[in-house]
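Q: First the structure, which I've put down as structure tokens, then a few questions once you've had a look.
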Amino acid sequence: MKPAPFFYHAPTSVDEAVALLQDLQEEDSKVLAGGQSLMPVLNMRLARVKHLIDINKLHDLDYIRPFDGGLAIGALTRHRMAEHSTDVATRAPLITEALPLVGDRQVRFRGTIGGSIAHADPVAELPTIALALDADLVVSKRGGSRTVPASEFFITFLTTAIEDDELLTEIRIPAPPAHSGHAFLELSRQLGTYAIVSAAAVVALDGGRISEARLALGGVGSTPIRALRAEESLRGQAPTIEAFTEAGRLASEATDPSADVHGSIEYRREMAAVYVRRALKVAAERAAVA
Amino acid sequence: MTEIMTRPPKVPVTVRVNGVGYERYVEPRKLLSDFIRQDVGLTGTHVGCEHGVCGACTVIVDGELVKSCLMLAVQAQGSEIMTVEGLAKGGELHPIQQAFHEHHGLQCGFCTPGMLLAALSLLEENPDPTEDEVKVGMDGNLCRCTGYYNIVDSIMAAAGKMK
């Protein structure tokens with residue numbers, strides 16, 4: 001229950017960090033951010049690394065700032081900082097709503113927004129939200145950076161589009177649509193545990209009809225899942241419970257859950273429909289008063 | 001096949017724990033929890049699950065509540081750490097400790113050091129919590145005796161005294 005030996009690197013700039021990543025890409029290396037997922041894995045020796053690259057000294061990746069009407073969040077921003085940020089609350093309230101459900105107080109003191117997204121656990125809150133919000137993920141390497149849309153970022157369980165010589169540096173969240181509301185709901189055995197099913201919804205209203213809906217689900221596949229057909233079904237509809245129920249059914253069809261001790265495939269599919277319906281209802285109610 | 005195994009070198013770690021300075025040389029893989037117990041010699045910080053679930057090893061590092069088994073000692077370089085030993089002053093129990101004593105907030109006592117520090121951090125953030133806020137705020141700490149009611153009572157009582 002102790003990590004196997006590793007060489008420890010603590011770069012103090014992004015340039016230094018990406019240079020290390022490039023130099024060590026043929027070797028077994030791993031980036032350590034808040035450590036709330038990686039450290040347990042190292043402690044239990046489910047993983048061994050030769051080189052641990054600790055990015056906690058990259059203080060210039062710890063920021064939340066307005067960007068293009070939306071938000072830019074530095075990858076090393078701690079959950080707690082985002083949880084209490086008024087910029088996040090006004091420009092990405094879905095994040096504010098979900099963060100209290102992430103881990104526990106200790107986890108949120110250390111855990112980082114970038115770390116959670118790069119870890120890409122399909123039952124975690126932030127990857128699902130990044131997908132629902134059409135976030136852009138900025139990944140940097142020696143000599144440059146590129147932007148990956150969330151829809152192309154999550155490949156499978158714990159696997160993203162980040163290459164071995166790249167570092168996730170920024171999360172960009174577009175401005176919320178006008179007259180929109182949001183909701184994040186999750187089913188979990190207890191507070192702070194991983195979701196069995198989660199649903200993130202954004203609903204925009206125009207003249208009493210749904211002009212845009214965005215829906216993403218967690219816990220029901222190898223990545224967070226965007227429910228595009230369900231979104232399409234809502235466009236132009238009145239925000240009725242019938243429309244939300246139908247969207248829930250369509251969203252459920254897009255899921256590919258696996259069974260475990262917490263729930264069968266059928267249960268997860270059913271709960272996906274229920275949580276989508278409920279999230280849409282809450283989001284639409286909020287949109288109506290936005 | 002021979003591969004020369006080079007051992008990662010030990011690194012210096014300088015910290016202040018409960019106001020006292022320490023400098024030790026440790027392997028980079030040394031967890032902060034083990035560092036506090038084995039290298040600093042303060043065994044009040046308990047090691048339970050060693051993977052960030054139980055909260056027994058919770059300490060305060062530069063004002064932040066952390067599970068010390070999920071931090072490397074080398075990451076605490078230059079930090080000010082508070083452990084359970086730093087709560088009582090001059091032989092007087094801290095009000096939170098006194099409240100745990102009076103309200104039977106501990107049974108076997110294993111989770112208590114982490115509970116006390118989590119409670120301190122919570123009350124610093126929210127000096128007048130509701131019972132529900134205490135329950136939610138303490139969700140990172142498990143008590144396997146399941147003495148949660150008395151722990152919540154203790155923290156509510158401490159909040160009243162510390163106001």
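In the structure tokens, each chain is lettered A, B, ... as it comes, each chain's residues begin at 1, and ligands are numbered from 1 in order of appearance.
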Mind checking which residues fall within 9 Å of A:Asn43, counting only C-alpha atoms, ignoring those fewer than 4 positions away in the same chain, and posting them as an MDAnalysis selection string?

A: (chainID A and resid 1:4 38:39 47) or (chainID B and resid 31 50:51 69:70)

Q: Could you please select, counting only C-alpha atoms, the residues of chain B within 7 Å of chain A and state them as a count of residues only?

A: 14

Q: Rounded to one decimal, what separation in Å do you get between atom CA of A:Val261 and atom CA of A:Thr96?

A: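 It comes out at 29.7 Å.
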
Q: For B:Lys161, list every protein, DNA or RNA residue within 12 Å, evaluated using only C-alpha atoms, and leave out those in the same chain fewer than 2 positions away; present the list as a list in words.

A: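 Surrounding residues, per the criterion: His94, Pro95, Ile96, Gln97, Gln98, Ala99, Leu123, Pro127, Asp128, Ser154, Ile155, Met156, Ala157, Ala158, Ala159 and Lys163 of chain B.
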
Q: I need the chosen residues saved as a compact mmCIF listing (two decimals), in the first residue's frame, with all heavy atoms.

A:
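Saved the output as again.txt:
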# COMPACT_ATOMS: atom_id res chain seq x y z
N HIS B 94 -8.42 21.72 22.95
CA HIS B 94 -9.09 22.63 22.02
C HIS B 94 -10.60 22.48 22.23
O HIS B 94 -11.06 21.38 22.57
CB HIS B 94 -8.70 22.25 20.58
CG HIS B 94 -9.21 23.20 19.54
ND1 HIS B 94 -10.50 23.17 19.08
CD2 HIS B 94 -8.59 24.22 18.88
CE1 HIS B 94 -10.66 24.13 18.18
NE2 HIS B 94 -9.52 24.78 18.03
N PRO B 95 -11.38 23.54 22.04
CA PRO B 95 -12.84 23.41 22.23
C PRO B 95 -13.46 22.26 21.46
O PRO B 95 -14.43 21.63 21.94
CB PRO B 95 -13.38 24.76 21.74
CG PRO B 95 -12.24 25.72 21.89
CD PRO B 95 -10.97 24.92 21.72
N ILE B 96 -12.92 21.95 20.28
CA ILE B 96 -13.49 20.81 19.53
C ILE B 96 -13.16 19.50 20.24
O ILE B 96 -14.00 18.62 20.38
CB ILE B 96 -12.96 20.80 18.07
CG1 ILE B 96 -13.37 22.08 17.34
CG2 ILE B 96 -13.49 19.58 17.32
CD1 ILE B 96 -12.79 22.22 15.93
N GLN B 97 -11.93 19.39 20.75
CA GLN B 97 -11.56 18.18 21.50
C GLN B 97 -12.43 18.04 22.76
O GLN B 97 -12.91 16.96 23.09
CB GLN B 97 -10.08 18.24 21.90
CG GLN B 97 -9.13 18.09 20.73
CD GLN B 97 -7.68 18.31 21.14
OE1 GLN B 97 -7.34 19.34 21.71
NE2 GLN B 97 -6.82 17.34 20.85
N GLN B 98 -12.60 19.17 23.45
CA GLN B 98 -13.41 19.16 24.67
C GLN B 98 -14.84 18.71 24.36
O GLN B 98 -15.43 17.92 25.09
CB GLN B 98 -13.41 20.58 25.28
CG GLN B 98 -14.04 20.68 26.66
CD GLN B 98 -13.28 19.88 27.72
OE1 GLN B 98 -12.05 19.79 27.69
NE2 GLN B 98 -14.02 19.28 28.65
N ALA B 99 -15.36 19.21 23.24
CA ALA B 99 -16.73 18.85 22.86
C ALA B 99 -16.81 17.36 22.51
O ALA B 99 -17.78 16.68 22.87
CB ALA B 99 -17.19 19.70 21.67
N LEU B 123 -15.46 24.41 10.65
CA LEU B 123 -15.95 25.51 11.50
C LEU B 123 -15.24 26.82 11.19
O LEU B 123 -15.81 27.90 11.40
CB LEU B 123 -15.80 25.15 12.98
CG LEU B 123 -16.69 24.00 13.45
CD1 LEU B 123 -16.47 23.71 14.93
CD2 LEU B 123 -18.17 24.29 13.18
N PRO B 127 -18.73 29.04 10.72
CA PRO B 127 -18.72 28.98 12.19
C PRO B 127 -20.08 28.61 12.80
O PRO B 127 -20.13 28.25 13.97
CB PRO B 127 -18.34 30.40 12.60
CG PRO B 127 -17.82 31.07 11.37
CD PRO B 127 -18.47 30.38 10.22
N ASP B 128 -21.13 28.72 12.03
CA ASP B 128 -22.46 28.47 12.59
C ASP B 128 -23.24 27.51 11.69
O ASP B 128 -24.28 27.86 11.14
CB ASP B 128 -23.20 29.81 12.72
CG ASP B 128 -24.46 29.68 13.56
OD1 ASP B 128 -24.59 28.69 14.30
OD2 ASP B 128 -25.33 30.58 13.46
N SER B 154 -21.07 16.63 18.75
CA SER B 154 -19.85 17.24 19.28
C SER B 154 -19.49 18.49 18.49
O SER B 154 -19.12 19.52 19.06
CB SER B 154 -18.68 16.25 19.21
OG SER B 154 -18.98 15.08 19.93
N ILE B 155 -19.59 18.39 17.18
CA ILE B 155 -19.21 19.52 16.33
C ILE B 155 -20.20 20.67 16.49
O ILE B 155 -19.81 21.84 16.55
CB ILE B 155 -19.08 19.08 14.86
CG1 ILE B 155 -17.94 18.05 14.73
CG2 ILE B 155 -18.81 20.27 13.94
CD1 ILE B 155 -17.86 17.35 13.39
N MET B 156 -21.49 20.33 16.61
CA MET B 156 -22.49 21.38 16.84
C MET B 156 -22.21 22.08 18.18
O MET B 156 -22.29 23.31 18.28
CB MET B 156 -23.90 20.78 16.85
CG MET B 156 -24.38 20.26 15.51
SD MET B 156 -24.44 21.51 14.21
CE MET B 156 -25.89 22.46 14.73
N ALA B 157 -21.86 21.29 19.19
CA ALA B 157 -21.57 21.88 20.51
C ALA B 157 -20.31 22.74 20.43
O ALA B 157 -20.26 23.84 21.00
CB ALA B 157 -21.40 20.76 21.54
N ALA B 158 -19.30 22.25 19.72
CA ALA B 158 -18.06 23.02 19.59
C ALA B 158 -18.33 24.34 18.88
O ALA B 158 -17.79 25.38 19.26
CB ALA B 158 -17.01 22.20 18.83
N ALA B 159 -19.18 24.29 17.84
CA ALA B 159 -19.50 25.51 17.10
C ALA B 159 -20.11 26.54 18.06
O ALA B 159 -19.76 27.72 18.02
CB ALA B 159 -20.47 25.20 15.96
N LYS B 163 -18.05 30.30 19.10
CA LYS B 163 -18.57 31.56 18.54
C LYS B 163 -18.05 32.78 19.29
O LYS B 163 -17.88 32.75 20.48
CB LYS B 163 -20.11 31.55 18.56
CG LYS B 163 -20.69 31.27 17.18
CD LYS B 163 -22.22 31.38 17.19
CE LYS B 163 -22.84 30.01 17.36
NZ LYS B 163 -24.29 30.02 17.45

Q: Which one of B:Gly48, B:Gly86, B:Gly21, B:Gly105 sits closest to B:Ser68 if you count only C-alpha atoms?

A: B:Gly48

Q: Excluding A:Gly219 and its own-chain neighbours fewer than 5 positions away, which residues fall within 8 Å of it when counting only C-alpha atoms? Please give them as a count of residues only.

A: 9

Q: Can you tell me, as a PyMOL selection string, which residues in stretch 98-276 of chain A count as strand (DSSP E) by DSSP?

A: chain A and resi 136-141+144-149+154-156+159-160+167-173+180-187+197-206+209-218+225-226

Q: Excluding same-chain residues fewer than 6 positions from B:Ile36, what lies within 10 Å of it counting only C-alpha atoms, as a list in words?

A: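 My reading of the contact set: Val17, Leu42, Thr43, Gly44, Thr45, His46, Cys57, Val59, Ser68, Ala73, Ile81 and Thr83 of chain B.
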
Q: Please return, as number ranges by chain, all residues of stretch 105-146 of chain B that DSSP assigns to helix (DSSP H, G or I) on the basis of the backbone.

A: B: 112-125, 131-137

Q: What is the distance between atom CA of A:His119 and atom CA of A:Leu20, in Å to one decimal?

A: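 Separation between atom CA of A:His119 and atom CA of A:Leu20: 19.6 Å.
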